[in-house]
2 protein chains.
Amino acid sequence: MTQRYKMVLAYDGRAYAGWQVQPGQRTVQGECEAALQTISREQSRIECSGRTDAGVHARAQAAHFDLERAQDPDKLRFGLNGILDEDIRIISLAPVSSEFHARFSALRKEYRYFIWNDSYVPPDLRFYRLHCPRSLDIDKMRAAAALLLGRHDFASFCSYRGKGEENTERNLLGLDVDRDGAEIVVRAVSEGFLYKMVRSLAGYLIRVGLGNISVEQTEAILAERCRTARVPSAEPHGLFLWWIDYPAEFQQ
Amino acid sequence: MTQRYKMVLAYDGRAYAGWQVQPGQRTVQGECEAALQTISREQSRIECSGRTDAGVHARAQAAHFDLERAQDPDKLRFGLNGILDEDIRIISLAPVSSEFHARFSALRKEYRYFIWNDSYVPPDLRFYRLHCPRSLDIDKMRAAAALLLGRHDFASFCSYRGKGEENTERNLLGLDVDRDGAEIVVRAVSEGFLYKMVRSLAGYLIRVGLGNISVEQTEAILAERCRTARVPSAEPHGLFLWWIDYPAEFQQ
């Protein structure tokens, strides 16, 4: 009897070419699948809620996989954490109904983009904050964020992966900008994001905060439905996949 | 004319055998003095507010040094930051009166000890948080901290460096314990600390929080004026030298 497992994991994206297995590259999926094979003695594919790019971190990525022979979930988790480097940690692992799918069952995803707005980044944070030495106007960033909130065609705020025929409409449920001293956090919540959408939103809000683009241009850029140089993609090392929300029956 | 400079710097302690120059070891003082010599073409000693141990981090260490030939402080700072690895950053650098002494002019020092109280430490924090998987009772930690506050002989809460004839009385102006989710911060403020005092206070409070020592034993341990196994020294990687307070005329 095949058993499905849900797993929540955190990782430091620095050493990885992103989530997805790629030939000759060290990836989070690749490391996890290799460790799972060692522990379970089965070859199994691990599907995540949404692939993260090279250098992007995760505080709570979710994933699922199937095993032909059911295993004790705590032993699996301890075994995986024993094999994996400390920059990947399995936070929880539990059997789940075969109805569960890490990507399709997700209700909401939360990303957080961290900016350090001061002349120097504290060295302990240097790999996890975008350094922005010039002063950012938080009120302008919030005003632009408010215009981006809700259901829009976000074609101007993503990178096309394929032929460009995909549906680029998304519902942005939350886009908050908060400051605590030098630290600015952009929190984005949606049922689903487009490719590089959060980094594009962060990159755009930073340009607004710097005064390079006026808040009023936001609606025009949205209406263009086409990627422009006015929407840069912020660097990956400030981005964390923070939380995935599932229906109650799939929460652990 | 000799000119004195005050400098504030931050560092990630991981790669360093502490502040103080030691033969054959990579130290913060050693790296800074070498960089300063390259920039200024003078050999100069850099004195800090208080030496940090191997592996201890700093958000705002303060130091002073003298140069025979006065230099533009901004050029010095840019030059030093250009030479130093990114795990040391000079935050500020300015000429200061020769009355200023990084150690003797300090009014108050603040250290923060960071604990992650959950089954796993988020990988991005793994080098900067003490991992404490067992649940900590924050109320007990606070009650013990309240007993340690004020002027006491802290001989039981330090490591002797030398012959043990030094004065081990100190005035603990603040010892706060705060929790935010899994993160617990112990904030210690004093005019001056003994060797390994903050790590001893943190190690002791953790034992109290775990229930290994009762709050009521605190006064007896203080009264013993002697290091005991009941006061372990918490690991260095959770400790940050956070802030040094100087009289207004020496603030920048």
# chains A, B, ... in the order shown; residues from 1 in each chain; ligands from 1
>>> interface_residues(of="chain A", to="chain B", cutoff="6 Å", atoms="only C-alpha atoms", output="PyMOL selection string")
chain A and resi 11-12+87+123-124
>>> write_last_selection(atoms="N, CA and C atoms", output="PDB file, in the first residue's frame")
ATOM      1  N   TYR A  11      15.115  25.924   4.685  1.00  0.00           N
ATOM      2  CA  TYR A  11      16.469  25.866   4.150  1.00  0.00           C
ATOM      3  C   TYR A  11      17.083  27.241   3.942  1.00  0.00           C
ATOM      4  N   ASP A  12      18.410  27.225   3.978  1.00  0.00           N
ATOM      5  CA  ASP A  12      19.238  28.367   3.654  1.00  0.00           C
ATOM      6  C   ASP A  12      19.590  28.189   2.177  1.00  0.00           C
ATOM      7  N   ASP A  87      21.974  23.076   6.568  1.00  0.00           N
ATOM      8  CA  ASP A  87      21.274  24.175   5.899  1.00  0.00           C
ATOM      9  C   ASP A  87      19.931  23.741   5.316  1.00  0.00           C
ATOM     10  N   PRO A 123      26.922  42.113   9.792  1.00  0.00           N
ATOM     11  CA  PRO A 123      27.526  40.946   9.128  1.00  0.00           C
ATOM     12  C   PRO A 123      26.747  39.633   9.322  1.00  0.00           C
ATOM     13  N   ASP A 124      26.098  39.473  10.477  1.00  0.00           N
ATOM     14  CA  ASP A 124      25.348  38.222  10.680  1.00  0.00           C
ATOM     15  C   ASP A 124      24.117  38.118   9.777  1.00  0.00           C
TER      16      ASP A 124
END
>>> residues_around(residues="segment 62-74 of chain A", least_positions_apart="3", cutoff="8 Å", atoms="only C-alpha atoms", output="JSON, numbers by chain")
{"A": [1, 2, 3, 4, 5, 6, 7, 8, 9, 40, 42, 44, 45, 46, 47, 48, 49, 77, 78, 93, 94, 95, 100, 101, 102, 103, 244]}
>>> closest_residue(among="A:Ala202, A:Val231, A:Ala35, A:Leu173", to="Ser159 of chain A", atoms="only C-alpha atoms")
A:Val231
>>> residues_around(residues="Ala146 of chain A", least_positions_apart="6", cutoff="9 Å", atoms="only C-alpha atoms", output="compact mmCIF listing (two decimals) with C-alpha atoms, in the first residue's frame")
# COMPACT_ATOMS: atom_id res chain seq x y z
CA GLY A 174 -1.79 40.75 1.18
CA LEU A 175 1.11 43.09 0.41
CA ASP A 176 2.31 44.76 3.60
>>> select_by_dssp(residues="segment 18-241 of chain B", states="helix (DSSP H, G or I)", output="PyMOL selection string")
chain B and resi 28-40+73-83+123-125+138-148+155-157+197-210+217-224+236-238
>>> select_by_dssp(residues="segment 41-227 of chain B", states="strand (DSSP E)", output="MDAnalysis selection string")
chainID B and resid 47:48 57:67 88:96 108:116 130:131 150:153 169:180 183:190
>>> atom_distance(atom1="atom CA of Leu147 of chain B", atom2="atom CA of Tyr246 of chain B")
27.2 Å
>>> residues_around(residues="Ala155 of chain B", least_positions_apart="3", cutoff="7 Å", atoms="only C-alpha atoms", output="list in words")
Cys158, Thr168, Arg225, Cys226 and Arg227 of chain B
>>> write_last_selection(atoms="N, CA and C atoms", output="mmCIF file, in the first residue's frame")
data_model
loop_
_atom_site.group_PDB
_atom_site.id
_atom_site.type_symbol
_atom_site.label_atom_id
_atom_site.label_comp_id
_atom_site.auth_asym_id
_atom_site.auth_seq_id
_atom_site.Cartn_x
_atom_site.Cartn_y
_atom_site.Cartn_z
ATOM 1 N N CYS B 158 31.276 34.016 36.508
ATOM 2 C CA CYS B 158 32.326 34.416 35.567
ATOM 3 C C CYS B 158 33.410 33.346 35.557
ATOM 4 N N THR B 168 35.512 41.225 41.830
ATOM 5 C CA THR B 168 34.470 40.600 40.999
ATOM 6 C C THR B 168 33.085 41.175 41.315
ATOM 7 N N ARG B 225 30.163 32.874 45.884
ATOM 8 C CA ARG B 225 31.286 33.619 45.277
ATOM 9 C C ARG B 225 32.353 32.688 44.713
ATOM 10 N N CYS B 226 31.886 31.654 44.051
ATOM 11 C CA CYS B 226 32.814 30.662 43.511
ATOM 12 C C CYS B 226 32.109 29.947 42.375
ATOM 13 N N ARG B 227 32.809 29.807 41.289
ATOM 14 C CA ARG B 227 32.256 29.137 40.117
ATOM 15 C C ARG B 227 31.882 27.688 40.447
#
>>> decode(residues="segment 41-148 of chain A", atoms="C-alpha atoms", output="short mmCIF file (atom, residue, chain, number, x, y, z; two decimals), in the first residue's frame")
data_model
loop_
_atom_site.label_atom_id
_atom_site.label_comp_id
_atom_site.auth_asym_id
_atom_site.auth_seq_id
_atom_site.Cartn_x
_atom_site.Cartn_y
_atom_site.Cartn_z
CA ARG A 41 15.53 2.41 0.16
CA GLU A 42 12.95 3.55 -2.36
CA GLN A 43 13.36 6.02 -5.17
CA SER A 44 10.70 8.66 -4.68
CA ARG A 45 9.92 12.04 -6.18
CA ILE A 46 9.38 14.92 -3.74
CA GLU A 47 6.86 17.53 -4.92
CA CYS A 48 6.91 20.95 -3.28
CA SER A 49 4.30 23.69 -2.91
CA GLY A 50 6.21 26.01 -5.22
CA ARG A 51 9.77 25.87 -6.51
CA THR A 52 12.11 28.45 -5.10
CA ASP A 53 14.83 30.00 -7.27
CA ALA A 54 18.56 29.76 -6.74
CA GLY A 55 19.57 31.56 -3.53
CA VAL A 56 16.02 31.94 -2.16
CA HIS A 57 15.51 30.75 1.43
CA ALA A 58 12.59 28.96 3.08
CA ARG A 59 11.32 29.05 6.63
CA ALA A 60 8.48 26.59 5.88
CA GLN A 61 8.40 25.04 2.44
CA ALA A 62 5.86 22.18 2.17
CA ALA A 63 6.20 19.04 0.10
CA HIS A 64 4.78 15.55 -0.35
CA PHE A 65 6.10 12.17 -1.43
CA ASP A 66 4.89 8.58 -1.64
CA LEU A 67 6.49 5.44 -0.27
CA GLU A 68 5.56 1.89 -1.29
CA ARG A 69 6.35 0.62 2.20
CA ALA A 70 4.98 2.78 5.02
CA GLN A 71 7.62 3.99 7.49
CA ASP A 72 7.61 5.48 10.96
CA PRO A 73 7.44 9.25 10.26
CA ASP A 74 9.59 10.26 13.25
CA LYS A 75 12.31 7.83 12.23
CA LEU A 76 12.14 9.15 8.68
CA ARG A 77 12.47 12.73 9.91
CA PHE A 78 15.38 12.00 12.28
CA GLY A 79 17.05 9.97 9.56
CA LEU A 80 16.68 12.72 6.96
CA ASN A 81 17.95 15.40 9.34
CA GLY A 82 20.91 13.16 10.18
CA ILE A 83 21.92 12.83 6.52
CA LEU A 84 21.08 16.32 5.25
CA ASP A 85 23.46 19.24 5.77
CA GLU A 86 22.38 21.65 8.50
CA ASP A 87 21.27 24.17 5.90
CA ILE A 88 18.21 22.00 5.22
CA ARG A 89 16.02 20.99 8.18
CA ILE A 90 12.91 18.83 8.07
CA ILE A 91 10.61 20.58 10.56
CA SER A 92 7.72 18.10 10.43
CA LEU A 93 6.85 14.92 8.61
CA ALA A 94 3.59 12.98 8.87
CA PRO A 95 1.46 10.54 6.89
CA VAL A 96 -1.27 12.32 4.96
CA SER A 97 -4.22 11.31 2.81
CA SER A 98 -3.37 10.61 -0.84
CA GLU A 99 -5.73 13.50 -1.62
CA PHE A 100 -3.06 15.89 -0.39
CA HIS A 101 -0.89 17.60 -2.98
CA ALA A 102 1.72 20.13 -1.79
CA ARG A 103 1.01 22.44 -4.72
CA PHE A 104 -2.64 21.93 -5.59
CA SER A 105 -3.95 21.68 -2.01
CA ALA A 106 -2.31 24.96 -0.94
CA LEU A 107 -4.81 27.67 0.02
CA ARG A 108 -2.38 30.53 0.50
CA LYS A 109 1.35 31.12 0.36
CA GLU A 110 3.29 33.76 2.20
CA TYR A 111 6.64 35.15 1.12
CA ARG A 112 8.69 37.73 3.00
CA TYR A 113 11.27 39.97 1.39
CA PHE A 114 13.81 41.49 3.81
CA ILE A 115 15.60 44.79 3.14
CA TRP A 116 18.28 46.41 5.31
CA ASN A 117 17.97 50.17 4.84
CA ASP A 118 21.16 51.56 6.35
CA SER A 119 24.72 52.29 5.26
CA TYR A 120 25.90 48.81 6.38
CA VAL A 121 24.25 45.44 6.83
CA PRO A 122 25.11 43.74 10.14
CA PRO A 123 27.53 40.95 9.13
CA ASP A 124 25.35 38.22 10.68
CA LEU A 125 22.53 39.22 8.30
CA ARG A 126 24.59 39.82 5.17
CA PHE A 127 23.38 36.70 3.33
CA TYR A 128 19.70 37.22 4.24
CA ARG A 129 18.92 40.90 3.66
CA LEU A 130 18.95 43.05 0.55
CA HIS A 131 21.23 45.95 1.28
CA CYS A 132 19.64 49.28 0.38
CA PRO A 133 21.85 52.12 1.64
CA ARG A 134 19.70 54.98 0.28
CA SER A 135 16.73 56.03 2.37
CA LEU A 136 13.42 54.36 1.49
CA ASP A 137 10.11 56.22 1.84
CA ILE A 138 7.91 53.64 3.53
CA ASP A 139 4.71 55.63 3.01
CA LYS A 140 5.21 55.67 -0.75
CA MET A 141 5.95 51.94 -0.72
CA ARG A 142 2.73 51.31 1.19
CA ALA A 143 0.71 53.49 -1.17
CA ALA A 144 2.02 51.57 -4.20
CA ALA A 145 1.43 48.24 -2.42
CA ALA A 146 -2.19 49.20 -1.82
CA LEU A 147 -2.67 49.72 -5.57
CA LEU A 148 -1.21 46.27 -6.31
#
